[in-house]
Amino acid sequence: MDVRRRERCGQNDDDRQQVADGKRVVLAAADTFRAAAADQLALWAQRTGGEIVRSNQDGADPGSVVFDAMAAASSRHADLVLVDTAGRLHTKANLMEELKKLRRIVDRSPGACKEVLLVVDASTGQNGLVQAKQFADAVDVTGIVLTKLDGTAKGGIVLAIQSELGLPVKVVGVGEGVGDLIEFDPSEFASALFEGIDAG
Amino acid sequence: MFDSLSDRLEGIFAKVRNRGRLTERDVDEVSREIRLALLEADVNVRVVKAFIARVKERAVGQELSKALDPGQQFIKIVHDELVETLGGTTGKLTMSPKPPTVVMLAGLQGSGKTTAAGKLARLLKSQGLQPLLVGADLQRPAAVEQLRVLAGRVDVPFYSDASDPVTVARNAMAEAGRLGRNIVIVDTAGRLQIDSELMDELRAIDAAVQPQNTLLVVDAMTGQEAVNVAEAFNETVGLDGVILTKIDGDARGGAALSVKEVVGKPILFAGTGEKLDEFEPFHPDRMAGRILGMGDVLTLIEKVESTFEEEEKRRAEEMLQSGRITLEDFLEQMQQVKRMGPLQNVLGMLPGMPKEIRNAEIEDKEIAKIEAIIRSMTPDERRRPEVINGSRRLRISQGSGTSTSDVNNLLKQFKQVQQMMKGMPGAARKGKKGKKGKGPRLPVGGGLPGGIPGLTSR
């Protein structure tokens, strides 16, 4: 059995949930902290035709949600599990430990290719680098989801993240619709960075 | 990650240290570092320029304070200017003479509006007001549900319906009248400032409820973009204030300064944690230290300024320059340090302290012991410890309630301090005879390092 998994983690509320894929997808609502976060993901599941595994109550153990999602995915022969985790600041040691635990649960279940994507808001400043480092240390982040690139923010911090930590941007969010998550185009990104700047 | 500002500035300040007055070149050099620090803290480029210009104007030619070295003094100027720029907030909303007062929250997606709405409701309720929470974010899936849950947790009534945001806001006003609520908090959908459709909608909500307080919710980790966001929202709906969220992270929060410069309205509140009660009036002074990346040094500067009286400063200077120290001086220094608070804190605040000492465990009890020993000596013994022989040692230990080995330890350590003092720059300058206005360094710096018994490095 070959189950691709993606774990999405990131700072509070960075559109983690808009991310979806064309395969048979199970969404794991592991953000059990923020009020109604699971409801939000459930609506996305509806819109994208994915299945959702969630807990019935707020404040449940996110680990159990992930575990259930993994079990559900293997019994339903899903191609992909997307784990949406609660937003957390990288300075909160306990929450980072929780994230590591989620990662361990995912690692224990069968499945091959795993991605851990850090969701970074394009408007994030210098702190983005510190965040990326901390998250990478905790759960071996494999790539970046850069959101809100449709605004005027250029997301230059991913440059620092890429060069310091070698984490590539995998996808970018460019709007609020289901289809507004697109592949990252480095050349477009680069020219956007220098838009409006005169040479010399 | 980033070198702290204090570390980098130290090198520059070493050069400036012995002059009586800050020259334009000193100021230029130091401002360059400050500019970098501000940029690293995400303060917008334009804002940094304007800010530095103001600081320079204030700093050039300023007479140096006797208690601080020029570097410290410059930082103080920067800090004061920062506080002034950020400042003047009491965390008070504008109340409408005719209730209900309306508070509208606006901002980018994910900046923390809904959470801030819940927290604000809780805070206002604790102040005796009767808030109504209004969920006008019909955009994000389950946003209304989130606010409903939060309203339940803080036990505040909640209103929303499925019509459209403008109608919801209008209906909510009627609902507030019906329930007799005197403050209405409207949570709006997050939007990008270039989304003209949603910005029009925001303008329409604004027109419908005419809020006395239109607050921009800004994430503390926002970068250069903060200025664009603040400008656009300010133009669209006319902001009255700002809420800064997620300051419990380690972002330096330069966005606060950017936004403040653009909007010109106070930062009213700050979100300091995930729980609903972690929300407080904004403290400009704390933020200023944080943006500079050297919060505690500033506290220390203030303490040194207020603690050391003129006479003591003069004596400390003399002592440093002569390179001679007696046990009396030693005792006096210790008492001064004690006045500044627990020793551990004071040491932690000193930028020049080696890390081992900064992290060292220091027992205030140990100091009491030293004090007792020195106080059990005769004046002559204090000035010339070398006269202390076996029988004097016994008398001192009995008088101070310590053992002879304690007395020995103190004497040994004191000798080390004495030797160190001789190696200090102050001693080297001896022959030149201190010019007036020569900036004395922190007097505590002289007596402390390595000289305090009971220092166990961890």
# chains A, B, ... in the order shown; residues from 1 in each chain; ligands from 1
$ closest_atom_pairs --of "chain A" --to "chain B" --cutoff "9 Å" --atoms "only C-alpha atoms" --output "CSV"
residue,atom,partner,partner_atom,distance
A:Asn12,CA,B:Gly110,CA,7.0
A:Asp13,CA,B:Gly110,CA,5.0
A:Asp14,CA,B:Gly110,CA,6.0
A:Asp15,CA,B:Gly110,CA,7.6
A:Arg34,CA,B:Gln146,CA,7.6
A:Ala35,CA,B:Gln146,CA,4.8
A:Ala36,CA,B:Gln146,CA,4.7
A:Ala37,CA,B:Ala142,CA,7.2
A:Ala38,CA,B:Ala142,CA,8.5
A:Asp39,CA,B:Ala142,CA,5.7
A:Gln40,CA,B:Ala142,CA,4.6
A:Leu41,CA,B:Pro141,CA,7.7
A:Ala42,CA,B:Pro141,CA,8.7
A:Leu43,CA,B:Pro141,CA,6.3
A:Trp44,CA,B:Pro141,CA,7.6
A:Arg88,CA,B:Glu274,CA,8.9
A:Leu89,CA,B:Gly249,CA,5.8
A:His90,CA,B:Gly249,CA,7.1
A:Thr91,CA,B:Gly249,CA,5.8
A:Lys92,CA,B:Gly249,CA,8.0
A:Asp121,CA,B:Thr222,CA,8.7
A:Ala122,CA,B:Glu225,CA,8.8
A:Ser123,CA,B:Thr222,CA,5.5
A:Thr124,CA,B:Thr222,CA,4.5
A:Gly125,CA,B:Gly223,CA,3.3
A:Gln126,CA,B:Asp42,CA,6.2
A:Asn127,CA,B:Ala251,CA,5.1
A:Gly128,CA,B:Met221,CA,7.7
A:Leu129,CA,B:Met1,CA,8.9
A:Val130,CA,B:Met1,CA,7.3
A:Gln131,CA,B:Asp250,CA,9.0
A:Lys148,CA,B:Leu192,CA,8.0
A:Asp150,CA,B:Leu192,CA,8.1
A:Gly151,CA,B:Leu192,CA,5.8
A:Thr152,CA,B:Ile194,CA,7.3
A:Ala153,CA,B:Glu225,CA,5.5
A:Lys154,CA,B:Glu225,CA,8.2
A:Ile157,CA,B:Gly223,CA,8.9
A:Glu176,CA,B:Arg140,CA,8.6
$ select_by_dssp --residues "stretch 49-297 of chain B" --states "helix (DSSP H, G or I)" --output "PyMOL selection string"
chain B and resi 49-59+70-86+113-126+143-154+165-179+196-209+226-237+255-263+284-292+295-297
$ atom_distance --atom1 "atom CA of B:Val262" --atom2 "atom CA of B:Arg122"
29.0 Å
$ residues_around --residues "B:Thr85" --least-positions-apart "3" --cutoff "8 Å" --atoms "only C-alpha atoms" --output "list in words"
Glu81, Leu82, Leu257, Lys260 and Glu261 of chain B
$ residues_around --residues "A:Asp185" --least-positions-apart "3" --cutoff "10 Å" --atoms "only C-alpha atoms" --output "MDAnalysis selection string"
chainID A and resid 169:172 182 188:190
$ write_last_selection --atoms "N, CA, C and O atoms" --output "mmCIF file, in the first residue's frame"
data_model
loop_
_atom_site.group_PDB
_atom_site.id
_atom_site.type_symbol
_atom_site.label_atom_id
_atom_site.label_comp_id
_atom_site.auth_asym_id
_atom_site.auth_seq_id
_atom_site.Cartn_x
_atom_site.Cartn_y
_atom_site.Cartn_z
ATOM 1 N N VAL A 169 10.077 26.373 -1.960
ATOM 2 C CA VAL A 169 8.650 26.673 -1.983
ATOM 3 C C VAL A 169 8.007 25.680 -2.923
ATOM 4 O O VAL A 169 8.441 25.524 -4.068
ATOM 5 N N LYS A 170 6.994 24.968 -2.448
ATOM 6 C CA LYS A 170 6.375 23.954 -3.301
ATOM 7 C C LYS A 170 5.136 24.499 -3.988
ATOM 8 O O LYS A 170 4.915 24.296 -5.156
ATOM 9 N N VAL A 171 4.303 25.154 -3.217
ATOM 10 C CA VAL A 171 3.089 25.714 -3.809
ATOM 11 C C VAL A 171 2.835 27.093 -3.223
ATOM 12 O O VAL A 171 3.324 27.430 -2.146
ATOM 13 N N VAL A 172 2.063 27.871 -3.961
ATOM 14 C CA VAL A 172 1.730 29.201 -3.459
ATOM 15 C C VAL A 172 0.213 29.402 -3.495
ATOM 16 O O VAL A 172 -0.471 28.885 -4.374
ATOM 17 N N ILE A 182 -1.458 27.214 -6.429
ATOM 18 C CA ILE A 182 -0.793 26.832 -7.667
ATOM 19 C C ILE A 182 0.665 26.494 -7.426
ATOM 20 O O ILE A 182 1.213 26.766 -6.368
ATOM 21 N N GLU A 188 8.753 33.786 -12.171
ATOM 22 C CA GLU A 188 7.705 34.776 -11.958
ATOM 23 C C GLU A 188 7.876 35.454 -10.601
ATOM 24 O O GLU A 188 7.735 36.668 -10.461
ATOM 25 N N PHE A 189 8.222 34.621 -9.626
ATOM 26 C CA PHE A 189 8.436 35.144 -8.278
ATOM 27 C C PHE A 189 9.561 36.173 -8.276
ATOM 28 O O PHE A 189 9.448 37.251 -7.715
ATOM 29 N N ALA A 190 10.626 35.829 -8.964
ATOM 30 C CA ALA A 190 11.790 36.715 -8.988
ATOM 31 C C ALA A 190 11.465 38.036 -9.663
ATOM 32 O O ALA A 190 11.829 39.110 -9.169
#
$ atom_distance --atom1 "atom CA of B:Gly399" --atom2 "atom CA of B:Gln418"
24.7 Å
$ residues_around --residues "A:Ala78" --least-positions-apart "3" --cutoff "7 Å" --atoms "only C-alpha atoms" --output "PyMOL selection string"
chain A and resi 3+24-26+73-74
$ write_last_selection --atoms "N, CA and C atoms" --output "PDB file, in the first residue's frame"
ATOM      1  N   VAL A   3       0.685   5.062   0.565  1.00  0.00           N
ATOM      2  CA  VAL A   3      -0.097   6.235   0.949  1.00  0.00           C
ATOM      3  C   VAL A   3       0.811   7.460   1.021  1.00  0.00           C
ATOM      4  N   ARG A  24      -7.576  10.675  -4.209  1.00  0.00           N
ATOM      5  CA  ARG A  24      -8.507  10.324  -3.146  1.00  0.00           C
ATOM      6  C   ARG A  24      -7.870  10.779  -1.822  1.00  0.00           C
ATOM      7  N   VAL A  25      -8.521  11.717  -1.230  1.00  0.00           N
ATOM      8  CA  VAL A  25      -7.873  12.438  -0.142  1.00  0.00           C
ATOM      9  C   VAL A  25      -8.628  12.289   1.179  1.00  0.00           C
ATOM     10  N   VAL A  26      -7.891  12.042   2.214  1.00  0.00           N
ATOM     11  CA  VAL A  26      -8.480  12.094   3.548  1.00  0.00           C
ATOM     12  C   VAL A  26      -7.891  13.305   4.273  1.00  0.00           C
ATOM     13  N   ALA A  73      -7.557   6.090   6.406  1.00  0.00           N
ATOM     14  CA  ALA A  73      -6.962   6.175   5.073  1.00  0.00           C
ATOM     15  C   ALA A  73      -6.570   4.805   4.554  1.00  0.00           C
ATOM     16  N   SER A  74      -5.998   3.993   5.436  1.00  0.00           N
ATOM     17  CA  SER A  74      -5.563   2.697   4.930  1.00  0.00           C
ATOM     18  C   SER A  74      -6.763   1.791   4.672  1.00  0.00           C
TER      19      SER A  74
END
$ residues_around --residues "A:Ala60" --least-positions-apart "5" --cutoff "12 Å" --atoms "only C-alpha atoms" --output "PDB file with N, CA, C and O atoms, in the first residue's frame"
ATOM      1  N   ALA A  29      -8.461  16.605  10.594  1.00  0.00           N
ATOM      2  CA  ALA A  29      -8.639  17.895  11.266  1.00  0.00           C
ATOM      3  C   ALA A  29      -7.937  17.871  12.615  1.00  0.00           C
ATOM      4  O   ALA A  29      -8.548  17.725  13.664  1.00  0.00           O
ATOM      5  N   ALA A  30      -6.623  18.026  12.575  1.00  0.00           N
ATOM      6  CA  ALA A  30      -5.856  17.922  13.819  1.00  0.00           C
ATOM      7  C   ALA A  30      -5.690  19.267  14.509  1.00  0.00           C
ATOM      8  O   ALA A  30      -4.942  19.391  15.470  1.00  0.00           O
ATOM      9  N   ASP A  31      -6.350  20.288  13.989  1.00  0.00           N
ATOM     10  CA  ASP A  31      -6.410  21.533  14.757  1.00  0.00           C
ATOM     11  C   ASP A  31      -7.615  21.447  15.671  1.00  0.00           C
ATOM     12  O   ASP A  31      -8.733  21.743  15.298  1.00  0.00           O
ATOM     13  N   THR A  32      -7.362  20.963  16.846  1.00  0.00           N
ATOM     14  CA  THR A  32      -8.461  20.790  17.798  1.00  0.00           C
ATOM     15  C   THR A  32      -8.480  21.939  18.787  1.00  0.00           C
ATOM     16  O   THR A  32      -9.255  21.947  19.723  1.00  0.00           O
ATOM     17  N   PHE A  33      -7.574  22.907  18.576  1.00  0.00           N
ATOM     18  CA  PHE A  33      -7.483  23.996  19.544  1.00  0.00           C
ATOM     19  C   PHE A  33      -8.383  25.170  19.187  1.00  0.00           C
ATOM     20  O   PHE A  33      -9.227  25.594  19.962  1.00  0.00           O
ATOM     21  N   ARG A  34      -8.217  25.672  17.990  1.00  0.00           N
ATOM     22  CA  ARG A  34      -8.987  26.851  17.615  1.00  0.00           C
ATOM     23  C   ARG A  34     -10.458  26.477  17.460  1.00  0.00           C
ATOM     24  O   ARG A  34     -10.805  25.452  16.880  1.00  0.00           O
ATOM     25  N   ALA A  35     -11.310  27.332  17.977  1.00  0.00           N
ATOM     26  CA  ALA A  35     -12.738  27.070  17.917  1.00  0.00           C
ATOM     27  C   ALA A  35     -13.163  26.930  16.459  1.00  0.00           C
ATOM     28  O   ALA A  35     -12.791  27.725  15.612  1.00  0.00           O
ATOM     29  N   ALA A  38     -12.184  22.670  12.888  1.00  0.00           N
ATOM     30  CA  ALA A  38     -12.575  21.440  12.206  1.00  0.00           C
ATOM     31  C   ALA A  38     -13.770  21.688  11.294  1.00  0.00           C
ATOM     32  O   ALA A  38     -13.858  21.134  10.198  1.00  0.00           O
ATOM     33  N   ARG A  54     -12.369  13.756  11.874  1.00  0.00           N
ATOM     34  CA  ARG A  54     -12.304  14.799  12.891  1.00  0.00           C
ATOM     35  C   ARG A  54     -12.801  14.298  14.229  1.00  0.00           C
ATOM     36  O   ARG A  54     -13.387  13.226  14.324  1.00  0.00           O
ATOM     37  N   SER A  55     -12.549  15.085  15.228  1.00  0.00           N
ATOM     38  CA  SER A  55     -13.048  14.727  16.545  1.00  0.00           C
ATOM     39  C   SER A  55     -14.360  15.465  16.783  1.00  0.00           C
ATOM     40  O   SER A  55     -14.621  16.498  16.169  1.00  0.00           O
ATOM     41  N   VAL A  65      -6.663  12.170  16.549  1.00  0.00           N
ATOM     42  CA  VAL A  65      -7.279  12.474  15.258  1.00  0.00           C
ATOM     43  C   VAL A  65      -6.375  11.980  14.128  1.00  0.00           C
ATOM     44  O   VAL A  65      -6.832  11.352  13.175  1.00  0.00           O
ATOM     45  N   VAL A  66      -5.083  12.263  14.259  1.00  0.00           N
ATOM     46  CA  VAL A  66      -4.146  11.833  13.227  1.00  0.00           C
ATOM     47  C   VAL A  66      -4.132  10.316  13.131  1.00  0.00           C
ATOM     48  O   VAL A  66      -4.178   9.744  12.038  1.00  0.00           O
ATOM     49  N   ALA A  86      -2.899  22.545  14.219  1.00  0.00           N
ATOM     50  CA  ALA A  86      -3.223  23.840  14.817  1.00  0.00           C
ATOM     51  C   ALA A  86      -2.049  24.798  14.640  1.00  0.00           C
ATOM     52  O   ALA A  86      -0.895  24.400  14.667  1.00  0.00           O
TER      53      ALA A  86
END
$ residues_around --residues "stretch 378-381 of chain B" --least-positions-apart "6" --cutoff "9 Å" --atoms "only C-alpha atoms" --output "list in words"
Leu327, Glu328, Val387 and Ile388 of chain B
$ write_last_selection --atoms "C-alpha atoms" --output "PDB file, in the first residue's frame"
ATOM      1  CA  LEU B 327      37.498  46.395  51.069  1.00  0.00           C
ATOM      2  CA  GLU B 328      35.493  49.476  51.967  1.00  0.00           C
ATOM      3  CA  VAL B 387      47.481  43.181  58.233  1.00  0.00           C
ATOM      4  CA  ILE B 388      44.960  40.435  58.906  1.00  0.00           C
TER       5      ILE B 388
END
$ atom_distance --atom1 "atom CA of A:Val83" --atom2 "atom CA of A:Pro168"
19.8 Å
$ closest_residue --among "B:Asn182, B:Gln419, B:Thr404, B:Asn234" --to "B:Ala121" --atoms "only C-alpha atoms"
B:Asn182
$ select_by_dssp --residues "stretch 67-164 of chain A" --states "strand (DSSP E or B)" --output "ChimeraX atom specification"
/A:80-85,114-121,124,143-147
$ write_last_selection --atoms "all heavy atoms" --output "tab-separated table (two decimals), in the first residue's frame"
chain	number	residue	atom	x	y	z
A	80	LEU	N	-3.94	9.86	-0.39
A	80	LEU	CA	-3.27	10.99	0.24
A	80	LEU	C	-3.97	11.36	1.54
A	80	LEU	O	-5.19	11.40	1.60
A	80	LEU	CB	-3.33	12.18	-0.73
A	80	LEU	CG	-2.66	13.47	-0.31
A	80	LEU	CD1	-1.16	13.32	-0.33
A	80	LEU	CD2	-3.09	14.60	-1.23
A	81	VAL	N	-3.18	11.59	2.55
A	81	VAL	CA	-3.73	12.11	3.79
A	81	VAL	C	-3.17	13.50	4.02
A	81	VAL	O	-1.96	13.70	3.94
A	81	VAL	CB	-3.37	11.22	5.00
A	81	VAL	CG1	-3.96	11.81	6.28
A	81	VAL	CG2	-3.86	9.81	4.79
A	82	LEU	N	-4.05	14.43	4.23
A	82	LEU	CA	-3.61	15.78	4.55
A	82	LEU	C	-3.91	16.05	6.01
A	82	LEU	O	-5.06	15.97	6.43
A	82	LEU	CB	-4.37	16.81	3.70
A	82	LEU	CG	-3.98	16.96	2.24
A	82	LEU	CD1	-4.93	17.90	1.56
A	82	LEU	CD2	-2.57	17.47	2.14
A	83	VAL	N	-2.88	16.32	6.77
A	83	VAL	CA	-3.09	16.60	8.18
A	83	VAL	C	-3.01	18.10	8.40
A	83	VAL	O	-1.98	18.72	8.13
A	83	VAL	CB	-2.03	15.89	9.05
A	83	VAL	CG1	-2.27	16.16	10.52
A	83	VAL	CG2	-2.04	14.40	8.77
A	84	ASP	N	-4.10	18.66	8.85
A	84	ASP	CA	-4.10	20.09	9.16
A	84	ASP	C	-3.87	20.25	10.65
A	84	ASP	O	-4.63	19.77	11.47
A	84	ASP	CB	-5.45	20.70	8.77
A	84	ASP	CG	-5.56	22.14	9.24
A	84	ASP	OD1	-4.58	22.87	9.11
A	84	ASP	OD2	-6.64	22.50	9.74
A	85	THR	N	-2.79	20.91	11.01
A	85	THR	CA	-2.48	21.03	12.43
A	85	THR	C	-2.81	22.44	12.93
A	85	THR	O	-2.97	23.36	12.15
A	85	THR	CB	-0.99	20.76	12.69
A	85	THR	OG1	-0.22	21.74	12.00
A	85	THR	CG2	-0.59	19.39	12.19
A	114	LYS	N	6.45	11.27	2.13
A	114	LYS	CA	5.86	12.17	3.10
A	114	LYS	C	6.33	13.59	2.86
A	114	LYS	O	7.49	13.81	2.55
A	114	LYS	CB	6.24	11.76	4.51
A	114	LYS	CG	5.56	10.51	4.95
A	114	LYS	CD	6.15	10.04	6.26
A	114	LYS	CE	5.74	8.60	6.48
A	114	LYS	NZ	6.81	7.82	7.06
A	115	GLU	N	5.45	14.47	3.04
A	115	GLU	CA	5.82	15.87	2.94
A	115	GLU	C	5.39	16.57	4.22
A	115	GLU	O	4.29	16.32	4.72
A	115	GLU	CB	5.07	16.54	1.78
A	115	GLU	CG	5.44	16.00	0.42
A	115	GLU	CD	6.48	16.85	-0.27
A	115	GLU	OE1	7.02	17.76	0.38
A	115	GLU	OE2	6.74	16.59	-1.46
A	116	VAL	N	6.23	17.39	4.73
A	116	VAL	CA	5.82	18.25	5.82
A	116	VAL	C	5.98	19.68	5.32
A	116	VAL	O	7.08	20.13	5.04
A	116	VAL	CB	6.67	18.05	7.08
A	116	VAL	CG1	6.18	18.96	8.19
A	116	VAL	CG2	6.63	16.61	7.51
A	117	LEU	N	4.87	20.32	5.12
A	117	LEU	CA	4.92	21.64	4.53
A	117	LEU	C	4.64	22.71	5.57
A	117	LEU	O	3.69	22.63	6.33
A	117	LEU	CB	3.88	21.74	3.41
A	117	LEU	CG	4.06	20.72	2.28
A	117	LEU	CD1	2.98	20.88	1.23
A	117	LEU	CD2	5.43	20.83	1.65
A	118	LEU	N	5.51	23.67	5.59
A	118	LEU	CA	5.32	24.80	6.49
A	118	LEU	C	4.59	25.90	5.72
A	118	LEU	O	4.99	26.26	4.62
A	118	LEU	CB	6.68	25.32	6.97
A	118	LEU	CG	6.64	26.56	7.86
A	118	LEU	CD1	6.05	26.22	9.22
A	118	LEU	CD2	8.03	27.14	8.04
A	119	VAL	N	3.51	26.36	6.33
A	119	VAL	CA	2.74	27.39	5.66
A	119	VAL	C	3.22	28.76	6.14
A	119	VAL	O	3.23	29.05	7.32
A	119	VAL	CB	1.24	27.22	5.96
A	119	VAL	CG1	0.44	28.28	5.24
A	119	VAL	CG2	0.78	25.84	5.53
A	120	VAL	N	3.68	29.55	5.20
A	120	VAL	CA	4.21	30.87	5.53
A	120	VAL	C	3.43	31.94	4.78
A	120	VAL	O	3.19	31.83	3.59
A	120	VAL	CB	5.71	30.98	5.15
A	120	VAL	CG1	6.22	32.38	5.44
A	120	VAL	CG2	6.52	29.96	5.90
A	121	ASP	N	3.03	32.93	5.51
A	121	ASP	CA	2.29	34.05	4.96
A	121	ASP	C	3.27	34.98	4.23
A	121	ASP	O	4.33	35.29	4.75
A	121	ASP	CB	1.64	34.78	6.15
A	121	ASP	CG	0.68	35.84	5.70
A	121	ASP	OD1	1.00	36.58	4.76
A	121	ASP	OD2	-0.38	35.93	6.33
A	124	THR	N	4.84	37.87	6.03
A	124	THR	CA	5.71	37.64	7.18
A	124	THR	C	7.08	38.29	6.98
A	124	THR	O	7.62	38.28	5.89
A	124	THR	CB	5.92	36.14	7.42
A	124	THR	OG1	4.65	35.53	7.53
A	124	THR	CG2	6.70	35.88	8.69
A	143	GLY	N	9.16	21.42	2.75
A	143	GLY	CA	8.90	22.49	1.80
A	143	GLY	C	8.00	23.56	2.38
A	143	GLY	O	7.51	23.44	3.50
A	144	ILE	N	7.82	24.58	1.59
A	144	ILE	CA	7.06	25.75	2.05
A	144	ILE	C	5.81	25.94	1.20
A	144	ILE	O	5.84	25.76	-0.01
A	144	ILE	CB	7.93	27.03	1.90
A	144	ILE	CG1	9.24	26.90	2.67
A	144	ILE	CG2	7.17	28.27	2.34
A	144	ILE	CD1	9.11	26.92	4.16
A	145	VAL	N	4.73	26.28	1.86
A	145	VAL	CA	3.55	26.77	1.16
A	145	VAL	C	3.51	28.27	1.42
A	145	VAL	O	3.41	28.70	2.56
A	145	VAL	CB	2.25	26.12	1.70
A	145	VAL	CG1	1.05	26.66	0.94
A	145	VAL	CG2	2.33	24.62	1.59
A	146	LEU	N	3.62	29.03	0.37
A	146	LEU	CA	3.63	30.49	0.53
A	146	LEU	C	2.24	31.02	0.21
A	146	LEU	O	1.77	30.89	-0.92
A	146	LEU	CB	4.68	31.10	-0.40
A	146	LEU	CG	4.92	32.60	-0.25
A	146	LEU	CD1	5.43	32.94	1.13
A	146	LEU	CD2	5.90	33.08	-1.31
A	147	THR	N	1.60	31.57	1.21
A	147	THR	CA	0.21	32.00	1.00
A	147	THR	C	0.11	33.50	0.84
A	147	THR	O	1.02	34.25	1.16
A	147	THR	CB	-0.67	31.58	2.19
A	147	THR	OG1	-0.19	32.23	3.36
A	147	THR	CG2	-0.64	30.09	2.38
$ closest_residue --among "A:Ala28, A:Ala72, A:Leu193, A:Leu99" --to "A:Gly155" --atoms "only C-alpha atoms"
A:Leu193
